[in-house]
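A.B. asks: Contents of structure.csv (CSV, C-alpha atoms) are given next:
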```csv
chain,number,residue,atom,x,y,z
A,148,MET,CA,109.6,101.1,149.2
A,149,ALA,CA,109.3,101.5,145.4
A,150,GLU,CA,108.8,97.8,145.0
A,151,ALA,CA,105.9,97.7,147.4
A,152,ILE,CA,104.0,100.3,145.3
A,153,ALA,CA,104.9,98.8,141.9
A,154,SER,CA,104.0,95.2,142.4
A,155,PRO,CA,100.2,95.5,142.9
A,156,ALA,CA,100.0,97.7,139.8
A,157,VAL,CA,101.7,95.0,137.7
A,158,THR,CA,99.4,92.2,138.8
A,159,SER,CA,96.2,94.3,138.4
A,160,THR,CA,96.7,95.3,134.7
A,161,PRO,CA,96.0,92.1,132.8
A,162,SER,CA,92.3,91.6,133.5
A,163,VAL,CA,90.2,94.0,131.5
A,164,ALA,CA,86.5,94.1,132.3
A,165,PRO,CA,84.5,94.0,129.1
A,166,VAL,CA,82.5,97.3,128.8
A,167,SER,CA,79.6,97.5,126.5
A,168,LEU,CA,77.4,100.4,125.3
A,169,PRO,CA,73.6,99.9,125.4
A,170,VAL,CA,72.0,99.4,122.0
A,171,ARG,CA,69.4,102.1,122.6
A,172,ALA,CA,72.2,104.7,123.0
A,173,VAL,CA,73.8,103.6,119.7
A,174,LEU,CA,70.8,103.2,117.5
A,175,PRO,CA,69.9,106.9,116.9
A,176,TRP,CA,73.5,107.7,116.0
A,177,ALA,CA,73.7,104.6,113.7
A,178,ALA,CA,70.4,105.6,111.9
A,179,PHE,CA,71.4,109.2,111.3
A,180,ILE,CA,75.1,108.9,110.5
A,181,GLY,CA,74.4,105.7,108.6
A,182,ILE,CA,72.1,107.6,106.2
A,183,LEU,CA,74.5,110.5,105.9
A,184,ALA,CA,77.5,108.3,105.2
A,185,LEU,CA,75.6,106.2,102.6
A,186,VAL,CA,74.6,109.4,100.8
A,187,ALA,CA,78.3,110.5,100.7
A,188,LEU,CA,79.3,107.1,99.5
A,189,TYR,CA,76.7,107.2,96.8
A,190,PHE,CA,78.1,110.5,95.4
A,191,VAL,CA,81.6,109.1,95.4
A,192,GLY,CA,80.6,105.7,94.0
A,193,ALA,CA,77.6,105.9,91.7
A,194,GLU,CA,76.3,109.4,91.0
A,195,GLN,CA,76.4,110.3,87.2
A,196,GLY,CA,77.4,106.7,86.5
A,197,ALA,CA,74.7,104.1,87.0
A,198,THR,CA,72.2,106.7,88.1
A,199,SER,CA,72.1,110.5,88.0
A,200,LEU,CA,70.4,113.0,90.3
A,201,ILE,CA,72.3,116.0,89.0
A,202,ALA,CA,72.5,116.7,85.3
A,203,GLY,CA,75.9,116.6,83.5
A,204,SER,CA,79.0,114.7,84.3
A,205,ASP,CA,80.9,117.2,86.6
A,206,VAL,CA,80.6,114.9,89.7
A,207,HIS,CA,81.6,111.8,87.7
A,208,GLU,CA,84.6,113.6,86.2
A,209,TRP,CA,85.8,115.1,89.5
A,210,VAL,CA,85.8,111.8,91.5
A,211,HIS,CA,86.7,109.7,88.3
A,212,ASP,CA,90.1,108.4,89.5
A,213,GLY,CA,88.9,107.8,93.1
A,214,ARG,CA,85.9,105.9,91.8
A,215,HIS,CA,88.1,103.6,89.7
A,216,LEU,CA,90.8,103.1,92.4
A,217,LEU,CA,88.2,102.5,95.2
A,218,GLY,CA,86.8,99.6,93.1
A,219,PHE,CA,83.5,101.1,92.0
A,220,PRO,CA,82.3,100.5,88.4
A,221,CYS,CA,82.8,103.9,86.8
A,222,HIS,CA,81.7,103.7,83.2
B,140,MET,CA,74.2,90.4,127.3
B,141,SER,CA,74.6,91.4,130.9
B,142,ALA,CA,78.0,93.1,130.6
B,143,PRO,CA,78.3,96.2,132.7
B,144,THR,CA,77.8,99.5,130.9
B,145,ALA,CA,80.5,102.1,130.7
B,146,PRO,CA,81.0,104.1,133.8
B,147,SER,CA,81.0,107.9,134.3
B,148,ALA,CA,80.0,109.8,131.1
B,149,PRO,CA,76.5,109.4,129.8
B,150,THR,CA,76.6,106.7,127.1
B,151,GLY,CA,74.9,108.8,124.5
B,152,SER,CA,77.7,111.4,124.6
B,153,LEU,CA,80.2,108.5,124.7
B,154,VAL,CA,78.8,107.2,121.4
B,155,GLY,CA,79.2,110.8,120.0
B,156,LYS,CA,82.8,111.0,121.1
B,157,LEU,CA,83.6,107.6,119.5
B,158,LEU,CA,81.9,108.7,116.3
B,159,VAL,CA,84.1,111.8,116.1
B,160,ARG,CA,87.1,109.7,116.7
B,161,GLY,CA,86.1,107.2,114.1
B,162,MET,CA,85.6,110.0,111.5
B,163,LEU,CA,89.0,111.5,112.5
B,164,ALA,CA,90.7,108.1,112.2
B,165,GLY,CA,88.9,107.6,108.8
B,166,LEU,CA,90.3,111.0,107.6
B,167,ILE,CA,93.9,110.0,108.7
B,168,ALA,CA,93.5,106.6,107.0
B,169,GLY,CA,92.1,108.4,103.9
B,170,LEU,CA,95.3,110.5,103.7
B,171,PHE,CA,97.5,107.3,103.8
B,172,ALA,CA,95.2,105.6,101.3
B,173,PHE,CA,95.4,108.7,99.0
B,174,ALA,CA,99.2,108.5,99.1
B,175,VAL,CA,99.1,104.8,98.1
B,176,ALA,CA,96.5,105.6,95.4
B,177,TYR,CA,98.6,108.4,93.9
B,178,VAL,CA,101.9,106.5,94.0
B,179,ALA,CA,100.8,103.0,93.2
B,180,GLY,CA,97.4,103.5,91.4
B,181,GLU,CA,97.8,106.4,89.1
B,182,PRO,CA,100.5,104.9,86.8
B,183,SER,CA,98.1,102.1,85.8
B,184,VAL,CA,95.2,104.5,85.4
B,185,ASN,CA,97.3,106.6,83.1
B,186,ALA,CA,98.5,103.5,81.2
B,187,SER,CA,94.9,102.4,80.8
B,188,ILE,CA,93.8,105.8,79.4
B,189,ALA,CA,96.8,105.6,77.0
B,190,VAL,CA,95.5,102.2,75.8
B,191,GLU,CA,92.0,103.7,75.3
B,192,GLU,CA,93.4,106.7,73.3
B,193,ALA,CA,95.6,104.5,71.1
B,194,ALA,CA,92.6,102.3,70.3
B,195,ALA,CA,90.5,105.3,69.5
B,196,LYS,CA,93.2,106.7,67.1
B,197,ALA,CA,93.6,103.3,65.4
B,198,GLU,CA,89.8,103.2,64.9
B,199,GLN,CA,89.8,106.7,63.4
B,200,ALA,CA,92.7,105.8,61.0
B,201,THR,CA,90.8,102.8,59.6
B,202,ALA,CA,87.7,104.8,59.2
B,203,HIS,CA,89.6,107.3,57.2
B,204,ASP,CA,91.1,104.7,54.9
B,205,HIS,CA,87.7,103.4,54.1
B,206,GLY,CA,86.2,106.9,53.6
B,207,GLY,CA,89.1,108.0,51.4
B,208,GLY,CA,90.2,111.5,50.5
B,209,HIS,CA,89.0,113.4,53.6
B,210,GLY,CA,91.2,116.3,54.7
B,211,ALA,CA,92.9,116.8,58.1
B,212,ALA,CA,90.3,119.6,58.9
B,213,GLU,CA,87.7,116.9,59.4
B,214,GLU,CA,89.7,115.2,62.2
B,215,PRO,CA,87.4,115.2,65.2
B,216,ALA,CA,88.7,117.3,68.1
B,217,GLU,CA,90.2,115.6,71.2
B,218,GLU,CA,87.6,114.5,73.6
B,219,GLU,CA,86.5,117.5,75.6
B,220,GLU,CA,87.9,117.5,79.2
B,221,ILE,CA,85.6,118.8,81.8
B,222,VAL,CA,88.1,118.2,84.5
B,223,SER,CA,91.8,118.0,83.6
B,224,ARG,CA,93.8,114.8,84.2
B,225,ASP,CA,96.0,116.7,86.7
B,226,MET,CA,93.0,117.7,88.8
B,227,GLN,CA,91.5,114.2,88.5
B,228,SER,CA,94.7,112.5,89.8
B,229,THR,CA,95.2,114.9,92.7
B,230,ALA,CA,92.3,117.0,94.1
B,231,GLY,CA,89.7,114.8,92.6
B,232,LEU,CA,91.3,111.6,93.8
B,233,ALA,CA,91.8,113.1,97.2
B,234,THR,CA,88.1,114.1,97.4
B,235,GLY,CA,86.9,110.6,96.6
B,236,VAL,CA,89.3,108.8,98.9
B,237,LEU,CA,88.9,111.2,101.9
B,238,VAL,CA,85.0,111.2,101.7
B,239,TYR,CA,85.2,107.4,101.5
B,240,GLY,CA,87.5,107.2,104.5
B,241,VAL,CA,85.5,109.6,106.7
B,242,ALA,CA,82.1,108.0,105.8
B,243,LEU,CA,83.3,104.4,106.4
B,244,GLY,CA,85.3,105.5,109.5
B,245,GLY,CA,82.0,106.9,110.9
B,246,ILE,CA,80.1,103.7,110.1
B,247,ALA,CA,82.9,101.5,111.5
B,248,SER,CA,83.0,103.5,114.8
B,249,LEU,CA,79.3,102.8,115.2
B,250,ALA,CA,79.8,99.2,114.4
B,251,PHE,CA,82.5,99.3,117.1
B,252,CYS,CA,80.0,100.7,119.6
B,253,PHE,CA,77.7,97.7,118.9
B,254,VAL,CA,80.3,95.0,119.2
B,255,LEU,CA,82.4,96.5,122.1
B,256,GLY,CA,82.1,94.0,125.0
B,257,ARG,CA,79.8,91.7,123.1
B,258,VAL,CA,82.2,89.6,121.1
B,259,GLY,CA,84.5,88.5,124.0
B,260,ARG,CA,87.0,89.9,126.4
B,261,PHE,CA,88.8,92.3,124.1
B,262,THR,CA,90.2,95.7,124.9
B,263,PRO,CA,88.9,98.7,122.9
B,264,LYS,CA,92.2,98.6,120.9
B,265,ALA,CA,91.8,94.9,120.0
B,266,THR,CA,88.1,95.4,119.2
B,267,ALA,CA,89.0,98.3,116.8
B,268,ALA,CA,91.5,96.0,115.1
B,269,LEU,CA,88.8,93.3,114.7
B,270,VAL,CA,86.2,95.7,113.4
B,271,ALA,CA,88.8,97.1,110.8
B,272,THR,CA,89.7,93.6,109.7
B,273,ALA,CA,86.1,92.6,109.3
B,274,ALA,CA,85.3,95.8,107.4
B,275,PHE,CA,88.2,95.3,105.0
B,276,THR,CA,87.1,91.7,104.4
B,277,THR,CA,83.4,92.3,103.9
B,278,VAL,CA,83.3,95.8,102.4
B,279,TYR,CA,86.1,95.3,99.9
B,280,LEU,CA,87.9,91.9,99.8
B,281,VAL,CA,84.9,89.7,99.2
B,282,PRO,CA,83.1,92.0,96.7
B,283,PHE,CA,86.5,92.4,95.0
B,284,LEU,CA,86.9,88.7,94.5
B,285,LYS,CA,83.6,88.5,92.7
B,286,TYR,CA,83.5,91.8,90.9
B,287,PRO,CA,87.1,93.1,90.8
B,288,ALA,CA,87.8,96.8,90.1
B,289,THR,CA,88.3,97.8,86.5
B,290,PRO,CA,90.6,100.7,85.2
B,291,PRO,CA,89.3,103.3,82.7
B,292,ALA,CA,88.7,102.2,79.2
B,293,VAL,CA,87.7,98.7,80.3
B,294,GLY,CA,84.0,98.8,81.0
B,295,ASN,CA,81.2,98.6,78.4
B,296,PRO,CA,79.2,101.8,79.2
B,297,ASP,CA,75.9,100.0,78.3
B,298,THR,CA,76.3,97.7,81.3
B,299,ILE,CA,77.3,100.3,84.0
B,300,GLY,CA,73.9,100.0,85.7
B,301,LYS,CA,74.0,96.3,86.0
B,302,ARG,CA,77.6,96.3,87.1
B,303,THR,CA,77.0,99.0,89.8
B,304,THR,CA,73.9,97.2,91.1
B,305,LEU,CA,75.8,93.9,91.4
B,306,PHE,CA,78.8,95.5,93.1
B,307,PHE,CA,76.6,97.2,95.8
B,308,LEU,CA,74.5,94.1,96.2
B,309,MET,CA,77.7,92.0,96.7
B,310,ILE,CA,78.9,94.5,99.4
B,311,LEU,CA,75.5,94.3,101.2
B,312,LEU,CA,75.4,90.6,101.0
B,313,SER,CA,79.0,90.2,102.2
B,314,VAL,CA,78.4,92.5,105.2
B,315,LEU,CA,75.1,90.7,106.2
B,316,LEU,CA,76.9,87.3,106.0
B,317,GLY,CA,79.7,88.7,108.1
B,318,ILE,CA,77.2,89.9,110.8
B,319,ALA,CA,75.4,86.6,110.7
B,320,ALA,CA,78.7,84.8,111.2
B,321,VAL,CA,79.6,86.9,114.2
B,322,ILE,CA,76.1,86.2,115.8
B,323,ALA,CA,76.4,82.5,115.0
B,324,GLY,CA,79.8,82.4,116.5
B,325,ARG,CA,78.6,84.0,119.8
B,326,ARG,CA,75.7,81.5,119.9
B,327,LEU,CA,78.0,78.5,119.4
B,328,ALA,CA,80.6,79.7,121.9
B,329,PRO,CA,79.0,78.3,125.1
B,330,ARG,CA,78.7,74.8,123.5
B,331,LEU,CA,81.9,74.6,121.4
B,332,GLY,CA,84.3,77.0,123.3
B,333,ASN,CA,85.5,80.3,121.8
B,334,GLY,CA,88.2,78.8,119.5
B,335,ASN,CA,86.1,76.2,117.9
B,336,ALA,CA,83.1,78.5,117.6
B,337,THR,CA,85.2,81.1,115.8
B,338,VAL,CA,86.5,78.4,113.4
B,339,VAL,CA,83.0,77.1,112.7
B,340,ALA,CA,81.5,80.6,112.1
B,341,GLY,CA,84.5,81.6,109.9
B,342,ALA,CA,84.1,78.4,107.8
B,343,GLY,CA,80.4,79.0,107.5
B,344,PHE,CA,81.1,82.6,106.3
B,345,VAL,CA,83.5,81.3,103.7
B,346,ALA,CA,81.1,78.6,102.5
B,347,ALA,CA,78.2,81.2,102.2
B,348,VAL,CA,80.5,83.6,100.3
B,349,VAL,CA,81.5,80.8,97.8
B,350,ILE,CA,77.9,79.9,97.3
B,351,ALA,CA,76.9,83.6,96.7
B,352,CYS,CA,79.8,84.0,94.2
B,353,ALA,CA,78.7,80.9,92.3
B,354,VAL,CA,75.0,82.0,92.2
B,355,LEU,CA,75.4,85.7,91.4
B,356,PRO,CA,75.8,86.5,87.6
B,357,ALA,CA,79.3,87.1,86.2
B,358,ASN,CA,80.1,90.3,84.3
B,359,ASP,CA,82.2,89.0,81.4
B,360,ASP,CA,81.8,92.2,79.5
B,361,ALA,CA,83.8,94.3,82.0
B,362,VAL,CA,87.2,93.7,80.3
B,363,LYS,CA,87.8,93.8,76.6
B,364,PRO,CA,89.8,90.8,75.3
B,365,ASP,CA,92.7,92.8,74.0
B,366,PHE,CA,93.3,94.9,77.1
B,367,PRO,CA,96.9,94.4,78.4
B,368,ALA,CA,96.9,91.9,81.3
B,369,ALA,CA,99.9,93.5,83.1
B,370,VAL,CA,98.1,96.9,83.4
B,371,LEU,CA,95.0,95.2,84.7
B,372,TRP,CA,97.0,93.3,87.3
B,373,ASP,CA,98.9,96.4,88.5
B,374,PHE,CA,95.6,98.3,88.7
B,375,ARG,CA,93.8,95.7,90.7
B,376,LEU,CA,96.8,95.1,93.0
B,377,ALA,CA,96.9,98.9,93.7
B,378,THR,CA,93.1,99.0,94.6
B,379,LEU,CA,93.7,96.1,97.0
B,380,GLY,CA,96.7,97.9,98.5
B,381,ILE,CA,94.7,101.2,98.9
B,382,GLN,CA,92.0,99.3,100.9
B,383,ALA,CA,94.5,97.3,103.0
B,384,VAL,CA,96.3,100.5,104.0
B,385,LEU,CA,93.0,102.4,104.6
B,386,TRP,CA,91.7,99.8,107.0
B,387,ALA,CA,95.0,99.0,108.7
B,388,VAL,CA,95.6,102.7,109.5
B,389,PHE,CA,92.0,103.1,110.6
B,390,GLY,CA,92.2,100.1,112.9
B,391,LEU,CA,95.4,101.4,114.6
B,392,ALA,CA,94.4,105.1,114.8
B,393,PHE,CA,90.8,104.4,116.0
B,394,GLY,CA,92.1,101.8,118.4
B,395,LEU,CA,94.5,104.2,120.0
B,396,LEU,CA,91.8,107.0,120.3
B,397,ALA,CA,89.1,104.6,121.6
B,398,GLN,CA,91.5,103.0,124.1
B,399,ARG,CA,92.5,106.4,125.5
B,400,LEU,CA,88.8,107.4,125.8
B,401,LEU,CA,87.4,104.2,127.2
B,402,ALA,CA,90.1,102.6,129.3
B,403,PRO,CA,92.7,105.1,130.5
B,404,GLY,CA,93.2,102.8,133.5
B,405,PRO,CA,95.6,100.2,132.2
B,406,ALA,CA,97.6,102.8,130.3
B,407,ALA,CA,98.0,104.9,133.4
B,408,ALA,CA,99.1,101.8,135.4
B,409,GLN,CA,101.6,101.0,132.7
B,410,ALA,CA,102.9,104.6,132.9
B,411,VAL,CA,103.3,104.1,136.7
B,412,ARG,CA,105.2,100.9,136.1
B,413,ALA,CA,107.4,102.5,133.5
B,414,ALA,CA,108.2,105.4,135.8
B,415,THR,CA,109.0,103.1,138.7
B,416,PRO,CA,112.5,101.6,138.2
B,417,ALA,CA,112.6,97.8,138.8
B,418,ALA,CA,114.6,96.7,141.8
```
Have the structure of the file written as structure tokens, please.

C.D. replies:
Amino acid sequence: MAEAIASPAVTSTPSVAPVSLPVRAVLPWAAFIGILALVALYFVGAEQGATSLIAGSDVHEWVHDGRHLLGFPCH
Amino acid sequence: MSAPTAPSAPTGSLVGKLLVRGMLAGLIAGLFAFAVAYVAGEPSVNASIAVEEAAAKAEQATAHDHGGGHGAAEEPAEEEEIVSRDMQSTAGLATGVLVYGVALGGIASLAFCFVLGRVGRFTPKATAALVATAAFTTVYLVPFLKYPATPPAVGNPDTIGKRTTLFFLMILLSVLLGIAAVIAGRRLAPRLGNGNATVVAGAGFVAAVVIACAVLPANDDAVKPDFPAAVLWDFRLATLGIQAVLWAVFGLAFGLLAQRLLAPGPAAAQAVRAATPAA
């Protein structure tokens, strides 16, 4: 009896129907989160190095090692 | 594309759920990357700072010889530390790597939303692995080949603006070329078949990257001629390892989370199969 239940499950697993998300549902998220993420990456990668929005070098010094080891030009 | 859209939950909230999972996977990946950065990267950062300090001391010594007769009281004080080395190599490093992981995890999860079901018959797990591999290649590996990372004490401060601009430009260019290659591959697939179309698109990507590297200006002034080559090699190898671990962990973690969210069916069927002893 167990065999009769198990075999259809085994044969039905391999085919996976491709599911896609409509572009219109993704775009607003991509625009908003894309901008936020790029601002965050700017502060890790370039603030108080190539350009400076905040005076001083506190941001630069704090993320100094991360900036070097993540491959950004630091100074 | 006329692929069916995801069933049940409204797709907007599905994108939000995938984004949260992407940022979470990015955080987990960032923790692993931080461990690699601390263990494999920090020794070469410290060695590089030691080289810088030794060079500064030697310069000072020769300046004194020429000046002659100055007392020790006129020795300039050690460079003022705003953030201590201990903080830079732990909390500071963790901040940088974790913000990087979460931000890129979020972006990668949205890229996943765009490509899911549009690049072939891949499960969510396989799609996540492909997105992570593409992100590693275009966001780090290709820009690294043209403008490799430099340890402290290496760069000429006068050229930081130029070097930063070129590095970000290279990332943008590499990502755009990667997207173009994927679109070209999908267009060629009906005519050439999936395998050949992938090879042609991949070769086109490599050719475009080689041309871009040849055309973009070099930055020869990044490394001073007398900087120890072994320290530079260790440092660059560590940065490559950090990114490889970051994206590998992201691909696996996000793949598992996305698979559980989008396609619980096959996993449930597998559980049934596992629970049912074979005859």

A.B. asks: Considering all atoms listed in the file, state which residue in the set B:Val175, B:Val222, B:Ala164, B:Ala186 is at the smallest distance from Ala383 of chain B.

C.D. replies: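 So, comparing all the options, the nearest one is B:Val175.
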
A.B. asks: I'd like the neighbourhood of Gly259 of chain B as number ranges by chain, where a residue qualifies if any of its atoms comes within 10 Å (using only C-alpha atoms), though same-chain residues fewer than 3 positions away should be ignored.

C.D. replies: A: 165; B: 254-256, 262, 266, 325, 328, 333

A.B. asks: Which one of B:Leu376, B:Ala357, B:Ala195, B:Ile322 sits closest to chain A if you count all atoms listed in the file?

C.D. replies: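 That would be B:Leu376, the residue with the smallest distance to chain A.
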
A.B. asks: Distance limit 7 Å, atoms considered: only C-alpha atoms. Which chain A residues sit that close to chain B? Return them as a PyMOL selection string.

C.D. replies: chain A and resi 149-150+153+156+160+163+165-170+172-173+177+181+184+187-188+191+196-197+205+208-220+222

A.B. asks: Just C-alpha atoms for this one: save the residues we selected as a PDB file, in the frame of the given file.

C.D. replies:
```
ATOM      1  CA  ALA A 149     109.300 101.500 145.400  1.00  0.00           C
ATOM      2  CA  GLU A 150     108.800  97.800 145.000  1.00  0.00           C
ATOM      3  CA  ALA A 153     104.900  98.800 141.900  1.00  0.00           C
ATOM      4  CA  ALA A 156     100.000  97.700 139.800  1.00  0.00           C
ATOM      5  CA  THR A 160      96.700  95.300 134.700  1.00  0.00           C
ATOM      6  CA  VAL A 163      90.200  94.000 131.500  1.00  0.00           C
ATOM      7  CA  PRO A 165      84.500  94.000 129.100  1.00  0.00           C
ATOM      8  CA  VAL A 166      82.500  97.300 128.800  1.00  0.00           C
ATOM      9  CA  SER A 167      79.600  97.500 126.500  1.00  0.00           C
ATOM     10  CA  LEU A 168      77.400 100.400 125.300  1.00  0.00           C
ATOM     11  CA  PRO A 169      73.600  99.900 125.400  1.00  0.00           C
ATOM     12  CA  VAL A 170      72.000  99.400 122.000  1.00  0.00           C
ATOM     13  CA  ALA A 172      72.200 104.700 123.000  1.00  0.00           C
ATOM     14  CA  VAL A 173      73.800 103.600 119.700  1.00  0.00           C
ATOM     15  CA  ALA A 177      73.700 104.600 113.700  1.00  0.00           C
ATOM     16  CA  GLY A 181      74.400 105.700 108.600  1.00  0.00           C
ATOM     17  CA  ALA A 184      77.500 108.300 105.200  1.00  0.00           C
ATOM     18  CA  ALA A 187      78.300 110.500 100.700  1.00  0.00           C
ATOM     19  CA  LEU A 188      79.300 107.100  99.500  1.00  0.00           C
ATOM     20  CA  VAL A 191      81.600 109.100  95.400  1.00  0.00           C
ATOM     21  CA  GLY A 196      77.400 106.700  86.500  1.00  0.00           C
ATOM     22  CA  ALA A 197      74.700 104.100  87.000  1.00  0.00           C
ATOM     23  CA  ASP A 205      80.900 117.200  86.600  1.00  0.00           C
ATOM     24  CA  GLU A 208      84.600 113.600  86.200  1.00  0.00           C
ATOM     25  CA  TRP A 209      85.800 115.100  89.500  1.00  0.00           C
ATOM     26  CA  VAL A 210      85.800 111.800  91.500  1.00  0.00           C
ATOM     27  CA  HIS A 211      86.700 109.700  88.300  1.00  0.00           C
ATOM     28  CA  ASP A 212      90.100 108.400  89.500  1.00  0.00           C
ATOM     29  CA  GLY A 213      88.900 107.800  93.100  1.00  0.00           C
ATOM     30  CA  ARG A 214      85.900 105.900  91.800  1.00  0.00           C
ATOM     31  CA  HIS A 215      88.100 103.600  89.700  1.00  0.00           C
ATOM     32  CA  LEU A 216      90.800 103.100  92.400  1.00  0.00           C
ATOM     33  CA  LEU A 217      88.200 102.500  95.200  1.00  0.00           C
ATOM     34  CA  GLY A 218      86.800  99.600  93.100  1.00  0.00           C
ATOM     35  CA  PHE A 219      83.500 101.100  92.000  1.00  0.00           C
ATOM     36  CA  PRO A 220      82.300 100.500  88.400  1.00  0.00           C
ATOM     37  CA  HIS A 222      81.700 103.700  83.200  1.00  0.00           C
TER      38      HIS A 222
END
```

A.B. asks: Any idea what the distance is between atom CA of Phe366 of chain B and atom CA of Glu191 of chain B?

C.D. replies: 9.1 Å

A.B. asks: Kindly give the distance, in Å, that separates atom CA of Ser187 of chain B and atom CA of Ser199 of chain A, rounded to a single decimal.

C.D. replies: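 Going from atom CA of Ser187 of chain B over to atom CA of Ser199 of chain A, I get 25.2 Å.
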